[in-house]
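Structure data (mmCIF, C-alpha atoms and all ligand atoms) from model.cif:
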data_my_file
loop_
_atom_site.label_atom_id
_atom_site.label_comp_id
_atom_site.auth_asym_id
_atom_site.auth_seq_id
_atom_site.Cartn_x
_atom_site.Cartn_y
_atom_site.Cartn_z
CA MET M 1 113.81 102.17 85.45
CA LYS M 2 114.53 100.68 88.84
CA VAL M 3 117.77 101.56 90.62
CA THR M 4 119.32 99.64 93.48
CA ILE M 5 122.51 100.37 95.39
CA HIS M 6 124.89 98.22 97.41
CA THR M 7 126.04 100.77 99.96
CA GLU M 8 128.42 98.32 101.65
CA ARG M 9 130.65 98.60 98.56
CA CYS M 10 130.53 102.41 98.32
CA MET M 11 133.95 104.13 98.45
CA ALA M 12 132.46 107.62 98.82
CA SER M 13 134.02 108.92 95.61
CA GLY M 14 131.03 111.05 94.67
CA ALA M 15 131.20 110.22 90.97
CA CYS M 16 127.56 109.14 90.89
CA VAL M 17 126.41 112.47 92.32
CA GLN M 18 128.37 114.35 89.68
CA ALA M 19 126.83 112.22 86.93
CA CYS M 20 123.23 112.27 88.19
CA PRO M 21 122.43 114.51 91.18
CA GLU M 22 118.70 113.96 90.61
CA VAL M 23 119.03 110.33 91.74
CA PHE M 24 122.16 110.14 93.92
CA ALA M 25 123.39 112.08 96.93
CA GLN M 26 125.93 111.42 99.66
CA ASP M 27 125.47 111.26 103.41
CA GLU M 28 127.75 113.00 105.92
CA ASN M 29 130.32 110.23 105.46
CA GLY M 30 130.22 110.43 101.68
CA ILE M 31 128.29 107.20 101.31
CA VAL M 32 125.77 107.15 98.48
CA VAL M 33 122.12 107.88 99.21
CA LEU M 34 119.48 106.88 96.68
CA LEU M 35 117.09 109.81 96.25
CA ASP M 36 114.88 108.23 93.61
CA PRO M 37 114.69 104.41 93.21
CA GLU M 38 112.46 104.69 90.13
CA PRO M 39 113.71 107.58 87.99
CA GLY M 40 111.95 108.44 84.77
CA SER M 41 113.30 107.57 81.36
CA GLU M 42 114.63 111.11 80.92
CA LEU M 43 117.24 110.25 83.56
CA ALA M 44 118.24 106.87 82.13
CA GLU M 45 121.34 108.18 80.37
CA ALA M 46 122.55 110.02 83.48
CA VAL M 47 121.99 106.92 85.62
CA GLU M 48 124.00 104.86 83.13
CA ASP M 49 126.75 107.48 83.33
CA ALA M 50 126.71 107.13 87.12
CA ILE M 51 126.97 103.34 86.85
CA ASP M 52 129.93 103.68 84.48
CA ALA M 53 131.60 106.29 86.69
CA CYS M 54 131.26 104.36 89.95
CA PRO M 55 134.60 102.72 90.82
CA ALA M 56 133.04 100.08 93.07
CA GLU M 57 130.07 98.66 91.13
CA VAL M 58 127.66 99.93 93.76
CA ILE M 59 124.80 100.85 91.41
CA GLU M 60 122.52 98.54 89.46
CA ALA M 61 119.64 99.51 87.20
CA SER M 62 117.03 97.49 85.36
S1 LIG B 1 130.28 106.63 92.51
FE1 LIG B 1 130.02 104.65 93.54
S2 LIG B 1 131.60 104.60 95.13
FE2 LIG B 1 131.36 106.72 94.48
S3 LIG B 1 129.85 107.62 95.93
FE3 LIG B 1 128.73 106.90 94.13
S4 LIG B 1 128.10 104.82 94.67
FE4 LIG B 1 129.72 105.38 96.08
#
Re-express the file's structure as structure tokens.
Amino acid sequence: MKVTIHTERCMASGACVQACPEVFAQDENGIVVLLDPEPGSELAEAVEDAIDACPAEVIEAS
């Protein structure tokens, strides 16, 4: 899968990191950092959890 993020919308909640720390991290200001833009299928469910958990619709996956 391919993951993209819209960092300008990030509210620094950290929910994505809790759901999928393999793919998402936060910088020193709490803004999301994309660690892996093409995670394997074994991470698809966790990425979907991160998308659902994000309060600001920052994350997209296809
Ligand atoms: S869950 Fe959404 S708003 Fe919160 S840190 Fe992650 S991308 Fe940003």
List all protein, DNA and RNA residues that have an atom no more than 8 Å from any atom of ligand LIG 1 (chain B), counting only C-alpha atoms and all ligand atoms, and report them as a ChimeraX atom specification.
/M:5-7,9-17,24-26,30-32,50-51,53-59
If I take atom CA of Ser62 of chain M and atom CA of Met1 of chain M, how far is one from the other in Å, to one decimal?
5.7 Å
Using atom CA of Ser41 of chain M and atom CA of Glu8 of chain M as the two end points, give the distance in Å to one decimal.
26.9 Å
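Counting from atom CA of Glu60 of chain M, the distance to atom CA of Glu45 of chain M is 13.3 Å.
With only C-alpha atoms as the basis for measurement, M:Glu38 is the residue among M:Glu38, M:Cys20, M:Ala46, M:Asp52 that approaches Val3 of chain M most closely.
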Name the closest residue to Thr4 of chain M among the candidates M:Leu35, M:Ala61, M:Val23, M:Ala44; distances are taken between atoms, counting only C-alpha atoms.
M:Ala61
